[in-house]
Amino acid sequence: MKKINAIIILCWMLLPIAIMAQRKKDTLALHTDSAQQIYIQQQANQLKQIELERQADSLKKINLILALQNFSATNTQQKQALQQQLDVLKQKDSLRVAVQKQKIDSLKKIMHGYVVAPFGDTLFTVYTSLGSFSAADRANAINNRIQALADNYNFAVDSLSIVDNESTVDIVFHDLVLMSITENDALWENMGKLQLANSYWLKIKTAIQNYRQETSWQNILKQIILALIVIVVLIFVVHYVIKLFVKIETNIASTHHARIQGVKIKNYELLSVEQEINLIKSALRIIKWIIIFIAIYLAFPLVFGIFPWTKTIATKLLSYFVDPLKRILLGIWDYLPNLITIIVILFVFRLVLKGIRYLKNEIEKGALSIPGFYADWANPSYQIVRILLFAFLLIVIFPYLPGSNSPVFRGVSVFLGVLFTFGSSGSLSNIIAGLVLTYMRSFKLGDRTRIADVTGDVIEKTLLVTRIRTIKNEIISIPNATILNSHTINYSSDAPERGLIVHTTITIGYDTPWRQVHALLIKAALATTYVEKNPEPFVLQTSLNDFYVSYQINAYTKQPNKQAELYSLLHANIQDTFNEAGVEIMSAHYTNLRDGNQTTIPSDYLPDNYTAPGFKVNTEKMNPDNAKNKS
């Protein structure tokens, strides 16, 4: 869990980098869309300008043709001049047509027109504007006129005709112009104006005929019967769905002891039998109402689709249900390349991670030795590399994740990244300190250490804190940054091989021979549990004080975690040993009245016939008047 937390923190810190890269990509796409719209508008304006020039030249051509017809056969020179002008206009017109086709072909790849669908089905698409009417206005107006004609009972299909004018070909009903077809419209469809007009005329006539046939009273009666059948079928479906789910719930309730045992994870009961039954029943109710809702919802498009007046409503209702499913399926289909990319990246990442884990295991076992790299560094180094690989993996696959370019996703990700960045500065310092301590090899799990003023056994090392259990079973958590900024004493690092020296100091008066004190202290140490016999304990006289000598007993042990018990046993053995030898452990200050001439050197160093000298008194110095009298 702690490793996962560390991975999450590092990943959220690196996530803004990936988001910034994605944002740059989205900004570039936005600029591309804007440039595309500007390009479409420019091309449309140029097409409009070319069309106006063609119309102006068409008038000139008509005038030139009329002028040629009025000239007599004798005016050959003037007729040739007019014919040359007419040829130039025709050449210019053919060049303009070529330019128009080129521009239209480029626009077809990026531009979508406006459909004409008065009865739900698309008849044709309008791409160009006409005069002050945009393409959308033209399509809307044509839709309304066709619908009005279809609802007009005085309308006869044969009265719909085509009129060829100078610049347009019109589809008209008496004096009403349904639509005008320009040269640009024809170029968009790669047809002539008259050919395109005939195609539109046929489609409009067929659509009106079909609409009128569908709205006859015989068909309406059939449609009502079909609608009633759909409603009856819906009622039966809902009834049997409810009945089916009631039966399923009854079976579950009657046989739950045999089939349902609850949900358990090892020894923890996640769900009891009753809770699992209630959960299954709730899920069944939700599924039941979802099925009923879908059945009712799908019945509406069926009913509305039967009648021609409500086909558009049916189409909309069905699109509300089908379009999301279509988008989901298309999204899944479109996402497949990204999903395959992610799977390949994960596969490569897994192989790399397996290779690094293999090296880690080999170094830990000692099969692979790298100079200057200790075996206990293998696992922490592996965890560090693993975290970095996870962070790198997140950055690599982030652009391929679904919704990664969503503004909401980016906003939440940036917020969390900033939150972790600014809110975890203390945690980061502890994490870095934890990594440094790992490679400093100051201590390991189970070592008896002293960190600052805390002494105990290391029971846990994490990226954030180190936990120590004291000899009083107190669990103390020390931040890694604190450990890095203070000194650490490790009692266990050399104890298994060289032994840890435990020591204590006592003070004995000068009247006790030091060799006896040394022997007694060594004897007491050797009698103490956990003290090694080899090397043998030794004594150091650390100071010669005014009233006593300080003796320090030093003993080796390979059980540093038993120091508290060892010191207690050693002190008890010192007391017993000295008491048995009749040596008083006394270091208090005291006043002793004695013969000042007696030497303080122990008797072992004095000759057998040694006698303390008597007092010498100089009376002259004591009484100067007596000295004068004597002289």
# chains A, B, ... in the order shown; residues from 1 in each chain; ligands from 1
$ select_by_dssp --residues "segment 333-535 of chain A" --states "strand (DSSP E or B)" --output "ChimeraX atom specification"
/A:370,373,448-451,454-461,465-469,475-479,488-490,500-509,531
$ write_last_selection --atoms "N, CA and C atoms" --output "compact mmCIF listing (two decimals), in the first residue's frame"
# COMPACT_ATOMS: atom_id res chain seq x y z
N ILE A 370 28.06 -6.79 -8.25
CA ILE A 370 28.47 -5.55 -8.90
C ILE A 370 29.35 -4.80 -7.91
N PHE A 373 28.21 -2.14 -5.17
CA PHE A 373 26.74 -2.21 -5.03
C PHE A 373 26.43 -3.36 -4.09
N ARG A 448 19.38 -2.78 16.67
CA ARG A 448 19.23 -1.94 17.86
C ARG A 448 19.99 -0.63 17.58
N THR A 449 19.27 0.49 17.59
CA THR A 449 19.86 1.77 17.24
C THR A 449 19.51 2.82 18.28
N ARG A 450 20.27 3.90 18.19
CA ARG A 450 19.95 5.10 18.97
C ARG A 450 19.93 6.27 17.99
N ILE A 451 18.73 6.82 17.81
CA ILE A 451 18.55 7.95 16.89
C ILE A 451 18.14 9.14 17.72
N VAL A 454 16.33 8.56 21.09
CA VAL A 454 15.47 7.39 21.08
C VAL A 454 16.32 6.15 20.84
N THR A 455 16.18 5.16 21.76
CA THR A 455 16.91 3.90 21.63
C THR A 455 15.91 2.76 21.52
N GLY A 456 16.13 1.88 20.56
CA GLY A 456 15.24 0.75 20.39
C GLY A 456 15.57 -0.04 19.14
N ASP A 457 14.68 -0.98 18.81
CA ASP A 457 14.88 -1.84 17.64
C ASP A 457 14.08 -1.30 16.46
N VAL A 458 14.71 -1.28 15.27
CA VAL A 458 14.04 -0.82 14.05
C VAL A 458 13.05 -1.91 13.61
N ILE A 459 11.76 -1.56 13.56
CA ILE A 459 10.75 -2.55 13.17
C ILE A 459 10.13 -2.25 11.81
N GLU A 460 10.32 -1.03 11.28
CA GLU A 460 9.72 -0.70 9.99
C GLU A 460 10.46 0.47 9.35
N LYS A 461 10.74 0.32 8.06
CA LYS A 461 11.35 1.40 7.28
C LYS A 461 10.43 1.68 6.09
N VAL A 465 8.67 7.47 7.06
CA VAL A 465 9.10 7.41 8.46
C VAL A 465 9.83 6.11 8.73
N THR A 466 10.54 6.09 9.86
CA THR A 466 11.16 4.88 10.40
C THR A 466 10.55 4.66 11.78
N ARG A 467 10.10 3.43 12.05
CA ARG A 467 9.46 3.13 13.33
C ARG A 467 10.39 2.29 14.19
N ILE A 468 10.47 2.68 15.48
CA ILE A 468 11.37 2.03 16.44
C ILE A 468 10.55 1.58 17.63
N ARG A 469 10.83 0.34 18.09
CA ARG A 469 10.21 -0.16 19.32
C ARG A 469 11.24 -0.07 20.43
N ILE A 475 6.19 2.36 20.52
CA ILE A 475 6.43 2.48 19.09
C ILE A 475 6.59 3.97 18.77
N ILE A 476 7.76 4.34 18.32
CA ILE A 476 8.06 5.74 18.03
C ILE A 476 8.32 5.87 16.54
N SER A 477 7.57 6.78 15.89
CA SER A 477 7.75 7.05 14.45
C SER A 477 8.60 8.30 14.30
N ILE A 478 9.70 8.15 13.59
CA ILE A 478 10.63 9.27 13.38
C ILE A 478 10.65 9.60 11.90
N PRO A 479 10.33 10.85 11.51
CA PRO A 479 10.41 11.22 10.09
C PRO A 479 11.82 11.02 9.55
N THR A 488 23.15 8.88 14.16
CA THR A 488 22.56 7.58 14.42
C THR A 488 23.64 6.63 14.94
N ILE A 489 23.32 5.94 16.04
CA ILE A 489 24.22 4.92 16.59
C ILE A 489 23.61 3.56 16.32
N ASN A 490 24.37 2.70 15.67
CA ASN A 490 23.90 1.35 15.36
C ASN A 490 24.68 0.36 16.22
N LEU A 500 29.68 -6.43 20.17
CA LEU A 500 29.44 -5.10 20.71
C LEU A 500 30.01 -5.06 22.12
N ILE A 501 30.76 -4.01 22.44
CA ILE A 501 31.35 -3.86 23.78
C ILE A 501 30.36 -3.12 24.67
N VAL A 502 29.87 -3.81 25.69
CA VAL A 502 29.04 -3.16 26.72
C VAL A 502 29.97 -2.79 27.86
N HIS A 503 29.69 -1.72 28.51
CA HIS A 503 30.62 -1.26 29.56
C HIS A 503 29.84 -0.53 30.64
N THR A 504 30.39 -0.61 31.85
CA THR A 504 29.83 0.13 32.98
C THR A 504 30.98 0.50 33.91
N THR A 505 30.82 1.55 34.67
CA THR A 505 31.90 2.10 35.50
C THR A 505 31.48 2.06 36.97
N ILE A 506 32.44 1.62 37.84
CA ILE A 506 32.24 1.69 39.29
C ILE A 506 33.44 2.42 39.89
N THR A 507 33.27 2.92 41.07
CA THR A 507 34.37 3.64 41.75
C THR A 507 34.67 2.93 43.06
N ILE A 508 35.95 2.64 43.30
CA ILE A 508 36.42 1.94 44.51
C ILE A 508 37.54 2.77 45.14
N GLY A 509 37.58 2.77 46.46
CA GLY A 509 38.60 3.54 47.18
C GLY A 509 40.01 3.05 46.93
N VAL A 531 27.24 -12.46 27.61
CA VAL A 531 28.61 -11.95 27.48
C VAL A 531 29.48 -13.05 26.89
$ select_by_dssp --residues "segment 517-559 of chain A" --states "helix (DSSP H, G or I)" --output "NGL selection string"
:A and (517-526)
$ write_last_selection --atoms "N, CA and C atoms" --output "short mmCIF file (atom, residue, chain, number, x, y, z; two decimals), in the first residue's frame"
data_model
loop_
_atom_site.label_atom_id
_atom_site.label_comp_id
_atom_site.auth_asym_id
_atom_site.auth_seq_id
_atom_site.Cartn_x
_atom_site.Cartn_y
_atom_site.Cartn_z
N VAL A 517 40.37 -5.58 42.18
CA VAL A 517 39.17 -5.00 41.56
C VAL A 517 39.04 -5.50 40.11
N HIS A 518 40.13 -5.52 39.38
CA HIS A 518 40.10 -6.01 37.99
C HIS A 518 39.61 -7.45 37.93
N ALA A 519 40.14 -8.28 38.82
CA ALA A 519 39.77 -9.70 38.80
C ALA A 519 38.29 -9.87 39.13
N LEU A 520 37.84 -9.12 40.12
CA LEU A 520 36.42 -9.24 40.50
C LEU A 520 35.49 -8.78 39.37
N LEU A 521 35.83 -7.69 38.71
CA LEU A 521 34.99 -7.19 37.61
C LEU A 521 34.95 -8.17 36.44
N ILE A 522 36.11 -8.75 36.11
CA ILE A 522 36.14 -9.72 35.00
C ILE A 522 35.35 -10.96 35.37
N LYS A 523 35.45 -11.39 36.64
CA LYS A 523 34.70 -12.55 37.09
C LYS A 523 33.19 -12.30 36.99
N ALA A 524 32.78 -11.10 37.41
CA ALA A 524 31.36 -10.75 37.33
C ALA A 524 30.88 -10.71 35.88
N ALA A 525 31.70 -10.19 34.98
CA ALA A 525 31.32 -10.10 33.57
C ALA A 525 31.18 -11.48 32.95
N LEU A 526 32.14 -12.37 33.26
CA LEU A 526 32.08 -13.71 32.68
C LEU A 526 30.88 -14.51 33.17
#
$ atom_distance --atom1 "atom CA of Leu178 of chain A" --atom2 "atom CA of Met191 of chain A"
19.7 Å
$ residues_around --residues "segment 300-311 of chain A" --least-positions-apart "3" --cutoff "10 Å" --atoms "only C-alpha atoms" --output "list of chain:residue names"
A:Phe119, A:Gly120, A:Asp121, A:Tyr211, A:Arg212, A:Glu214, A:Thr215, A:Asn219, A:Ile220, A:Lys222, A:Gln223, A:Ile224, A:Ile225, A:Leu226, A:Ala227, A:Leu228, A:Ile229, A:Val230, A:Ile231, A:Ala295, A:Ile296, A:Tyr297, A:Ala314, A:Thr315, A:Lys316, A:Leu317, A:Leu318, A:Ser319
